[in-house]
>>> print(open('structure.txt').read())   # compact mmCIF, C-alpha atoms
# COMPACT_ATOMS: atom_id res chain seq x y z
CA MET A 1 72.62 84.44 0.33
CA THR A 2 72.75 80.79 -0.71
CA ALA A 3 76.11 80.62 1.06
CA LEU A 4 74.48 81.81 4.28
CA LEU A 5 71.59 79.37 3.92
CA ALA A 6 74.10 76.56 3.36
CA LEU A 7 75.94 77.65 6.49
CA PHE A 8 72.68 77.83 8.45
CA TRP A 9 71.66 74.29 7.46
CA ARG A 10 75.13 73.01 8.26
CA ASP A 11 74.98 74.47 11.77
CA LEU A 12 71.47 73.14 12.31
CA ARG A 13 72.43 69.68 11.09
CA ARG A 14 75.47 69.65 13.36
CA ALA A 15 73.42 70.79 16.36
CA TRP A 16 70.76 68.16 15.86
CA GLY A 17 73.12 65.44 14.69
CA SER A 18 75.59 65.64 17.56
CA GLY A 19 73.09 65.17 20.36
CA ALA A 20 73.31 68.84 21.24
CA LEU A 21 69.59 68.89 20.52
CA TRP A 22 68.83 66.57 23.39
CA LEU A 23 71.16 67.90 26.03
CA PRO A 24 69.35 71.21 26.71
CA VAL A 25 65.97 69.53 26.41
CA VAL A 26 66.87 66.73 28.81
CA PHE A 27 68.34 69.29 31.20
CA PHE A 28 65.14 71.33 31.01
CA LEU A 29 62.99 68.28 31.77
CA LEU A 30 65.37 67.21 34.52
CA VAL A 31 64.91 70.50 36.36
CA ALA A 32 61.15 70.26 35.95
CA THR A 33 61.26 66.73 37.36
CA ALA A 34 63.55 67.54 40.27
CA PHE A 35 61.72 70.68 41.38
CA PRO A 36 58.62 68.90 42.82
CA PHE A 37 60.93 66.57 44.77
CA ALA A 38 62.64 69.58 46.30
CA VAL A 39 59.59 71.67 47.26
CA GLY A 40 57.10 68.86 47.74
CA PRO A 41 54.16 67.70 45.62
CA ASP A 42 51.84 70.48 46.70
CA ALA A 43 49.95 71.34 43.48
CA PRO A 44 48.95 74.95 44.32
CA LEU A 45 52.54 75.75 45.40
CA LEU A 46 53.95 74.14 42.24
CA ALA A 47 51.46 76.00 40.09
CA ARG A 48 52.47 79.29 41.69
CA THR A 49 56.27 78.83 41.54
CA GLY A 50 56.67 76.43 38.62
CA GLY A 51 56.48 79.08 35.91
CA GLY A 52 59.46 80.96 37.28
CA MET A 53 61.35 77.70 37.66
CA LEU A 54 60.73 76.88 34.00
CA TRP A 55 62.18 80.26 33.03
CA VAL A 56 65.33 79.63 35.06
CA ALA A 57 65.65 76.17 33.51
CA ALA A 58 65.20 77.57 29.98
CA LEU A 59 67.84 80.22 30.58
CA LEU A 60 70.38 77.67 31.82
CA ALA A 61 69.48 75.26 29.02
CA ALA A 62 70.30 77.94 26.46
CA LEU A 63 73.77 78.36 27.93
CA LEU A 64 74.49 74.64 28.18
CA PRO A 65 75.87 74.07 24.65
CA ILE A 66 78.16 77.15 24.66
CA ASP A 67 81.32 75.08 24.17
CA ARG A 68 79.91 73.59 20.97
CA LEU A 69 78.82 76.78 19.25
CA ILE A 70 82.12 78.39 18.22
CA ARG A 71 85.12 76.49 19.48
CA PRO A 72 84.88 73.39 17.22
CA ASP A 73 84.60 75.62 14.15
CA LYS A 74 87.57 77.67 15.29
CA ASP A 75 89.69 74.57 15.91
CA ALA A 76 88.72 72.97 12.60
CA GLY A 77 89.63 76.11 10.65
CA VAL A 78 86.05 76.62 9.49
CA LEU A 79 85.94 80.20 10.77
CA ASP A 80 89.17 80.99 8.89
CA GLN A 81 87.73 79.51 5.71
CA LEU A 82 84.61 81.66 6.03
CA ALA A 83 86.77 84.74 6.58
CA VAL A 84 88.89 83.91 3.51
CA ARG A 85 85.65 83.87 1.52
CA GLY A 86 85.04 87.44 2.62
CA ILE A 87 81.96 86.63 4.72
CA ALA A 88 81.83 89.28 7.47
CA ASP A 89 82.28 88.05 11.03
CA GLU A 90 79.03 89.77 11.99
CA VAL A 91 77.19 87.79 9.33
CA VAL A 92 78.75 84.52 10.49
CA ALA A 93 77.69 85.38 14.05
CA ALA A 94 74.15 86.22 12.90
CA VAL A 95 73.85 82.89 11.06
CA LYS A 96 75.11 81.02 14.11
CA ILE A 97 72.62 82.86 16.33
CA ALA A 98 69.76 82.00 13.96
CA ALA A 99 70.81 78.35 13.81
CA HIS A 100 71.12 78.14 17.61
CA ALA A 101 67.74 79.87 18.11
CA ILE A 102 66.03 77.29 15.90
CA GLY A 103 68.27 74.42 16.97
CA PHE A 104 67.57 74.67 20.67
CA GLY A 105 64.48 76.92 20.68
CA LEU A 106 62.12 74.60 18.83
CA PRO A 107 62.89 71.49 20.93
CA LEU A 108 62.67 73.62 24.07
CA LEU A 109 59.16 74.79 23.19
CA ILE A 110 58.14 71.18 22.60
CA ALA A 111 59.70 70.06 25.88
CA LEU A 112 57.81 72.84 27.62
CA LEU A 113 54.58 70.80 27.43
CA PRO A 114 55.67 67.81 29.57
CA ALA A 115 57.73 70.08 31.83
CA ALA A 116 54.74 72.35 32.47
CA ALA A 117 52.56 69.32 33.20
CA LEU A 118 55.08 68.13 35.83
CA LEU A 119 54.83 71.52 37.52
CA ALA A 120 51.00 71.63 37.52
CA GLN A 121 50.74 74.60 35.14
CA ASP A 122 47.30 75.15 33.62
CA ALA A 123 46.74 75.75 29.91
CA ALA A 124 46.65 79.53 30.14
CA ARG A 125 49.96 79.67 31.99
CA VAL A 126 51.60 77.22 29.55
CA ALA A 127 50.51 79.46 26.68
CA THR A 128 51.93 82.52 28.44
CA ILE A 129 55.25 80.78 29.13
CA ALA A 130 55.44 79.50 25.55
CA LEU A 131 54.80 82.98 24.18
CA GLY A 132 57.39 84.48 26.50
CA LEU A 133 59.99 81.87 25.61
CA ALA A 134 59.33 82.33 21.91
CA ILE A 135 60.00 86.05 22.35
CA ALA A 136 63.13 85.48 24.44
CA ILE A 137 64.72 82.63 22.46
CA PRO A 138 66.47 84.85 19.85
CA ALA A 139 68.01 86.89 22.69
CA LEU A 140 69.07 83.75 24.57
CA ALA A 141 70.67 82.37 21.41
CA SER A 142 72.36 85.70 20.83
CA LEU A 143 73.85 85.71 24.33
CA ALA A 144 74.94 82.08 24.04
CA VAL A 145 76.79 82.69 20.73
CA LEU A 146 78.32 85.88 22.13
CA SER A 147 79.74 84.16 25.18
CA ALA A 148 80.84 81.18 23.05
CA ALA A 149 82.79 83.58 20.81
CA LEU A 150 84.29 85.41 23.78
CA THR A 151 85.47 82.22 25.47
CA ALA A 152 86.49 80.13 22.44
CA ASN A 153 90.18 80.71 23.20
CA LEU A 154 89.89 79.81 26.88
CA LYS A 155 90.20 76.40 28.46
CA GLY A 156 87.14 75.61 30.55
CA GLY A 157 85.40 78.54 28.94
CA ASN A 158 82.00 76.97 29.42
CA ALA A 159 81.67 77.90 33.09
CA ILE A 160 83.02 81.39 32.52
CA GLY A 161 80.65 81.77 29.58
CA GLY A 162 77.64 81.27 31.82
CA LEU A 163 78.93 83.85 34.29
CA LEU A 164 79.53 86.36 31.50
CA VAL A 165 76.07 86.10 30.10
CA LEU A 166 73.91 85.59 33.16
CA PRO A 167 73.77 89.28 34.18
CA LEU A 168 72.73 90.26 30.66
CA ALA A 169 69.99 87.63 30.71
CA VAL A 170 68.46 88.86 33.96
CA PRO A 171 66.05 91.32 32.25
CA LEU A 172 64.70 88.44 30.14
CA LEU A 173 64.14 86.43 33.30
CA ILE A 174 62.43 89.29 35.15
CA PHE A 175 60.06 90.27 32.36
CA GLY A 176 59.54 86.70 31.12
CA ALA A 177 58.53 85.43 34.54
CA GLY A 178 56.74 88.75 35.11
CA MET A 179 54.32 87.86 32.30
CA LEU A 180 52.96 85.17 34.64
CA ASP A 181 52.07 87.70 37.32
CA PRO A 182 48.44 88.89 36.91
CA SER A 183 49.60 92.43 37.69
CA GLY A 184 52.45 92.29 35.18
CA ARG A 185 50.66 93.90 32.25
CA GLY A 186 53.55 95.59 30.50
CA ALA A 187 55.89 92.65 31.06
CA MET A 188 55.47 91.19 27.57
CA LYS A 189 56.31 94.47 25.88
CA LEU A 190 59.33 94.96 28.12
CA LEU A 191 60.41 91.38 27.44
CA ALA A 192 60.10 92.01 23.71
CA ALA A 193 62.12 95.21 24.03
CA ALA A 194 64.88 93.51 26.05
CA SER A 195 64.91 90.59 23.61
CA LEU A 196 65.11 92.90 20.59
CA LEU A 197 67.99 94.85 22.09
CA LEU A 198 70.03 91.73 22.91
CA THR A 199 69.25 90.11 19.56
CA VAL A 200 70.44 93.18 17.67
CA ILE A 201 73.60 93.68 19.74
CA GLY A 202 74.52 89.98 19.58
CA PRO A 203 75.80 89.66 16.00
CA PHE A 204 77.97 92.80 16.27
CA ALA A 205 79.47 91.90 19.64
CA ALA A 206 79.98 88.26 18.69
CA GLY A 207 81.39 89.32 15.29
CA ALA A 208 83.98 91.49 17.01
CA ALA A 209 84.86 88.57 19.28
CA LEU A 210 85.27 86.28 16.24
CA ARG A 211 87.62 88.82 14.67
CA GLY A 212 89.60 88.85 17.90
CA LEU A 213 90.04 85.06 17.74
CA ARG A 214 92.22 85.40 14.63
CA GLU A 215 94.75 87.83 16.12
CA MET B 1 99.49 89.97 -17.60
CA THR B 2 96.75 90.42 -15.03
CA LEU B 3 97.73 90.74 -11.42
CA LEU B 4 95.70 88.60 -9.03
CA LEU B 5 97.46 89.39 -5.78
CA GLN B 6 99.59 92.32 -4.65
CA LEU B 7 101.35 92.82 -1.35
CA ASP B 8 103.00 96.19 -0.95
CA ARG B 9 105.64 96.83 1.75
CA ILE B 10 104.03 94.52 4.29
CA ALA B 11 105.21 94.34 7.88
CA CYS B 12 104.01 91.69 10.28
CA ILE B 13 104.31 91.66 14.07
CA ARG B 14 103.43 88.57 16.11
CA GLY B 15 103.46 89.06 19.84
CA ASP B 16 106.34 91.47 20.39
CA ARG B 17 108.41 90.13 17.50
CA LEU B 18 108.78 91.77 14.11
CA LEU B 19 108.63 88.84 11.70
CA PHE B 20 109.30 90.79 8.53
CA GLU B 21 108.89 94.29 7.10
CA GLY B 22 109.02 95.98 3.73
CA LEU B 23 107.97 92.81 1.99
CA SER B 24 106.38 93.25 -1.43
CA LEU B 25 105.25 90.63 -3.88
CA ALA B 26 102.86 90.29 -6.78
CA LEU B 27 101.28 87.27 -8.42
CA ALA B 28 99.91 87.37 -11.95
CA ARG B 29 97.80 84.75 -13.72
CA GLY B 30 99.75 81.54 -14.22
CA GLU B 31 102.42 82.45 -11.70
CA ALA B 32 103.52 80.58 -8.62
CA LEU B 33 105.70 81.77 -5.77
CA TRP B 34 107.42 79.53 -3.27
CA LEU B 35 107.90 81.02 0.19
CA ARG B 36 110.82 79.09 1.64
CA GLY B 37 112.68 79.30 4.88
CA PRO B 38 113.10 77.57 8.24
CA ASN B 39 110.39 77.19 10.88
CA GLY B 40 109.40 80.50 12.38
CA ALA B 41 110.57 82.56 9.41
CA GLY B 42 107.04 83.91 8.98
CA LYS B 43 105.82 81.86 6.01
CA SER B 44 102.47 80.99 7.56
CA SER B 45 101.98 84.51 8.88
CA LEU B 46 102.64 85.92 5.41
CA ILE B 47 100.07 83.54 3.95
CA ARG B 48 97.54 84.56 6.59
CA VAL B 49 98.22 88.23 5.92
CA ALA B 50 97.81 87.65 2.17
CA ALA B 51 94.56 85.74 2.77
CA GLY B 52 93.20 88.58 4.90
CA LEU B 53 93.16 86.57 8.13
CA LEU B 54 95.85 88.64 9.83
CA ARG B 55 96.13 92.39 9.78
CA ALA B 56 99.46 93.60 8.48
CA ALA B 57 101.18 96.03 10.84
CA ALA B 58 102.03 98.13 7.79
CA GLY B 59 101.52 98.00 4.03
CA THR B 60 98.60 97.03 1.83
CA VAL B 61 97.24 93.75 0.53
CA THR B 62 95.16 93.71 -2.65
CA ARG B 63 93.34 90.58 -3.78
CA HIS B 64 91.79 91.00 -7.23
CA GLU B 65 90.07 87.62 -7.16
CA ARG B 66 88.66 85.06 -4.75
CA CYS B 67 91.21 82.96 -2.93
CA ALA B 68 91.29 79.49 -1.44
CA LEU B 69 93.41 78.58 1.57
CA ILE B 70 94.87 75.39 2.92
CA ASP B 71 96.61 75.36 6.30
CA GLU B 72 97.08 72.82 9.08
CA ALA B 73 93.32 72.64 9.71
CA ALA B 74 91.33 70.74 7.08
CA ALA B 75 88.07 72.63 7.85
CA LEU B 76 85.96 69.57 6.97
CA ASP B 77 83.15 68.38 9.26
CA ALA B 78 84.65 65.33 10.97
CA GLU B 79 81.36 63.43 11.38
CA LEU B 80 80.38 63.59 7.70
CA PRO B 81 81.45 61.25 4.89
CA LEU B 82 84.16 62.96 2.83
CA ARG B 83 81.96 63.63 -0.19
CA ARG B 84 79.30 65.35 1.90
CA ALA B 85 81.90 67.30 3.88
CA LEU B 86 83.26 68.68 0.60
CA ASP B 87 79.70 69.37 -0.59
CA VAL B 88 79.18 71.65 2.43
CA TRP B 89 81.86 73.98 1.05
CA ALA B 90 80.66 73.53 -2.51
CA ARG B 91 77.22 74.78 -1.42
CA ILE B 92 78.72 77.71 0.48
CA ASP B 93 80.82 78.59 -2.58
CA GLY B 94 77.89 78.02 -4.95
CA ILE B 95 79.83 75.36 -6.90
CA ASP B 96 78.10 72.52 -8.76
CA GLY B 97 78.49 68.83 -7.93
CA PRO B 98 80.63 67.74 -10.92
CA MET B 99 83.31 70.25 -9.91
CA THR B 100 83.62 68.57 -6.49
CA GLN B 101 83.72 65.19 -8.24
CA ARG B 102 86.59 66.35 -10.46
CA ALA B 103 88.44 67.80 -7.48
CA MET B 104 88.15 64.48 -5.64
CA GLU B 105 89.42 62.58 -8.66
CA ALA B 106 92.35 64.98 -9.00
CA MET B 107 93.48 63.97 -5.51
CA ALA B 108 92.50 60.28 -5.95
CA LEU B 109 89.81 60.42 -3.27
CA GLY B 110 87.08 58.54 -5.17
CA ALA B 111 87.40 55.42 -3.02
CA LEU B 112 87.16 57.46 0.19
CA ALA B 113 83.97 59.35 -0.71
CA GLU B 114 81.84 57.48 1.86
CA VAL B 115 84.45 57.41 4.63
CA PRO B 116 83.83 59.81 7.53
CA VAL B 117 86.43 62.58 7.65
CA ALA B 118 87.29 61.60 11.24
CA MET B 119 88.50 58.21 9.96
CA LEU B 120 90.93 59.64 7.40
CA SER B 121 94.68 59.49 7.96
CA THR B 122 96.80 62.65 8.10
CA GLY B 123 97.83 62.37 4.46
CA GLN B 124 94.32 61.55 3.31
CA ARG B 125 92.96 64.53 5.21
CA LYS B 126 95.57 66.74 3.54
CA ARG B 127 94.45 65.41 0.14
CA ALA B 128 90.84 66.09 1.12
CA ALA B 129 91.71 69.68 2.07
CA MET B 130 93.47 70.02 -1.27
CA ALA B 131 90.32 68.77 -3.01
CA ARG B 132 88.41 71.49 -1.17
CA VAL B 133 90.82 74.07 -2.57
CA ILE B 134 90.58 72.67 -6.10
CA GLY B 135 86.80 72.43 -5.85
CA SER B 136 86.42 76.04 -4.73
CA ALA B 137 87.39 77.21 -8.25
CA ALA B 138 89.11 80.23 -6.70
CA PRO B 139 91.78 81.78 -8.94
CA ILE B 140 94.23 82.42 -6.08
CA TRP B 141 95.50 79.43 -4.14
CA MET B 142 97.29 79.95 -0.84
CA LEU B 143 98.88 76.70 0.20
CA ASP B 144 100.56 76.53 3.59
CA GLU B 145 102.60 73.31 3.78
CA PRO B 146 100.15 71.44 1.52
CA ALA B 147 102.41 68.40 1.15
CA ASN B 148 102.86 67.71 4.88
CA GLY B 149 101.91 64.10 5.55
CA MET B 150 101.41 63.32 1.87
CA ASP B 151 103.09 60.27 0.32
CA ASP B 152 104.99 60.44 -2.99
CA ALA B 153 101.96 59.59 -5.12
CA ALA B 154 99.88 62.29 -3.45
CA ARG B 155 102.69 64.83 -3.90
CA THR B 156 102.83 64.04 -7.60
CA ARG B 157 99.08 64.69 -7.78
CA LEU B 158 99.49 67.93 -5.83
CA VAL B 159 102.17 69.12 -8.28
CA ALA B 160 99.94 68.14 -11.21
CA ALA B 161 96.98 70.00 -9.68
CA ILE B 162 99.11 73.12 -9.24
CA ALA B 163 100.28 72.88 -12.87
CA ALA B 164 96.69 72.48 -14.11
CA HIS B 165 95.57 75.44 -12.00
CA ARG B 166 98.31 77.66 -13.43
CA ALA B 167 97.53 76.54 -16.96
CA ASN B 168 93.95 77.66 -16.31
CA GLY B 169 95.14 81.13 -15.37
CA GLY B 170 95.30 80.67 -11.61
CA ALA B 171 98.06 81.79 -9.28
CA VAL B 172 99.64 79.93 -6.39
CA LEU B 173 101.30 81.21 -3.23
CA LEU B 174 103.05 78.23 -1.70
CA ALA B 175 104.73 78.00 1.69
CA SER B 176 106.84 74.93 2.22
CA HIS B 177 110.02 74.16 4.13
CA PHE B 178 111.05 71.57 1.56
CA ALA B 179 111.18 71.74 -2.22
CA LEU B 180 108.36 70.44 -4.39
CA ASP B 181 109.17 69.54 -7.97
CA ILE B 182 107.30 72.44 -9.57
CA PRO B 183 108.62 73.88 -12.86
CA ASP B 184 108.98 77.62 -13.45
CA LEU B 185 108.67 78.52 -9.79
CA ALA B 186 109.64 81.91 -8.35
CA GLU B 187 111.21 81.85 -4.90
CA LEU B 188 111.17 84.10 -1.88
CA ASP B 189 113.60 83.01 0.80
CA MET B 190 112.15 84.31 4.07
CA GLY B 191 115.02 82.87 6.09
CA ALA B 192 117.46 85.06 4.18
CA ARG B 193 115.41 88.18 4.91
CA ALA B 194 115.34 87.69 8.66
>>> encode(input="structure.txt", output="structure tokens")
Amino acid sequence: MTALLALFWRDLRRAWGSGALWLPVVFFLLVATAFPFAVGPDAPLLARTGGGMLWVAALLAALLPIDRLIRPDKDAGVLDQLAVRGIADEVVAAVKIAAHAIGFGLPLLIALLPAAALLAQDAARVATIALGLAIAIPALASLAVLSAALTANLKGGNAIGGLLVLPLAVPLLIFGAGMLDPSGRGAMKLLAAASLLLTVIGPFAAGAALRGLRE
Amino acid sequence: MTLLLQLDRIACIRGDRLLFEGLSLALARGEALWLRGPNGAGKSSLIRVAAGLLRAAAGTVTRHERCALIDEAAALDAELPLRRALDVWARIDGIDGPMTQRAMEAMALGALAEVPVAMLSTGQRKRAAMARVIGSAAPIWMLDEPANGMDDAARTRLVAAIAAHRANGGAVLLASHFALDIPDLAELDMGARA
């Protein structure tokens, strides 16, 4: 257990130390800044469409650091060293998912405040988006680590990684943005269900992919 | 005589090529085995099979104790100072600080403790990886070309570290294409098998 905590802190320190913390957050804010330029500064229009835009931006921000999640550890031999210590690949994947969820999820939730202000979202909508993102972040991290593990052996795997994961992330997008619709009552529960499913599948699928990297 | 590592009739296939088959070996406490042979003879693959990183196509591998591995990758976080990079593994292994300190001294790394791993030379990085192995306190050492890039002084320290490890009841599986001056060393010529 202490080994896993040590691994978790290492991953978190690396994520925040290497600037990977800022990249998704800056990207997220960039989209929020660019969107009003594209559709015009009409506040009611922004208020109506901005929430969905924030969800799209959050989804893409989660996938941005894919090339940093697994590949450097594979190249440096860290994954081999963990395997030699008898730590199961599924456990390594779960720790990496947890570290990514905290590593990019927390800054994303903080960046949500200025981003929502740029898109004329009122307090109630910001709270709804924040709640939805908090529910979806473990699933987004899970998908990011999964695609990072699947593409760690490929050159230019980053672009392919996004393509791999995007279809799986669509339910999160539908139900997450659906929470903003006044008629979308069950959306939060469906979002939670989709998030739970992806979060549970993630470590096993990513663990199998990590095992495949050694062959 | 307690066995630490047993390989029983191992076969290994890489790609479409059969590297070796029917290979058995056993390492007891205090023993060391030198896997020798030319490039491509399967030394590294055998080490990876023994360490559990590669599945053997046939046969069984039994490790009775924890093992530590060194291969071409140092597995140290490049952005960290050496001491802290080694501490990462010490924490994962649940090893105390003085053990890491002793391991660094064994490989004469004291002066490099504050130098980022990315700044180390090839030989220094090899010494650092060796300090990671020593610091892990694992009874089985699997060393794949540990002396590559090391100068004479570092090799002497490596040989001394191996001797100290064996005296403490550890076992060493060593793959190297050139001879290291290690006393009482069993040999397995993988070139002759092929």
>>> interface_residues(input="structure.txt", of="chain B", to="chain A", cutoff="8 Å", atoms="all atoms listed in the file", output="JSON, numbers by chain")
{"B": [51, 52, 53, 54, 55, 66, 67, 68, 69, 73, 74, 75, 76, 77, 88, 91, 92, 93, 94]}
>>> closest_atom_pairs(input="structure.txt", of="segment 122-166 of chain B", to="segment 10-34 of chain B", cutoff="10 Å", atoms="all atoms listed in the file", output="JSON lines")
{"residue": "B:Pro139", "atom": "CA", "partner": "B:Arg29", "partner_atom": "CA", "distance": 8.2}
{"residue": "B:Ile140", "atom": "CA", "partner": "B:Arg29", "partner_atom": "CA", "distance": 8.7}
{"residue": "B:Trp141", "atom": "CA", "partner": "B:Ala32", "partner_atom": "CA", "distance": 9.3}
{"residue": "B:Met142", "atom": "CA", "partner": "B:Leu33", "partner_atom": "CA", "distance": 9.9}
{"residue": "B:Leu143", "atom": "CA", "partner": "B:Trp34", "partner_atom": "CA", "distance": 9.6}
{"residue": "B:Ile162", "atom": "CA", "partner": "B:Ala32", "partner_atom": "CA", "distance": 8.7}
{"residue": "B:Ala163", "atom": "CA", "partner": "B:Gly30", "partner_atom": "CA", "distance": 8.8}
{"residue": "B:Ala164", "atom": "CA", "partner": "B:Gly30", "partner_atom": "CA", "distance": 9.6}
{"residue": "B:His165", "atom": "CA", "partner": "B:Gly30", "partner_atom": "CA", "distance": 7.7}
{"residue": "B:Arg166", "atom": "CA", "partner": "B:Gly30", "partner_atom": "CA", "distance": 4.2}
>>> atom_distance(input="structure.txt", atom1="atom CA of Val39 of chain A", atom2="atom CA of Met179 of chain A")
22.7 Å
>>> residues_around(input="structure.txt", residues="Gly178 of chain A", least_positions_apart="2", cutoff="12 Å", atoms="only C-alpha atoms", output="ChimeraX atom specification")
/A:49,51-52,55,125,128-129,132,170-176,180-191
>>> closest_residue(input="structure.txt", among="A:Ala120, A:Val165, A:Ala149, A:Ile201", to="Arg71 of chain A", atoms="only C-alpha atoms")
A:Ala149
>>> atom_distance(input="structure.txt", atom1="atom CA of Glu65 of chain B", atom2="atom CA of Gln6 of chain B")
10.9 Å
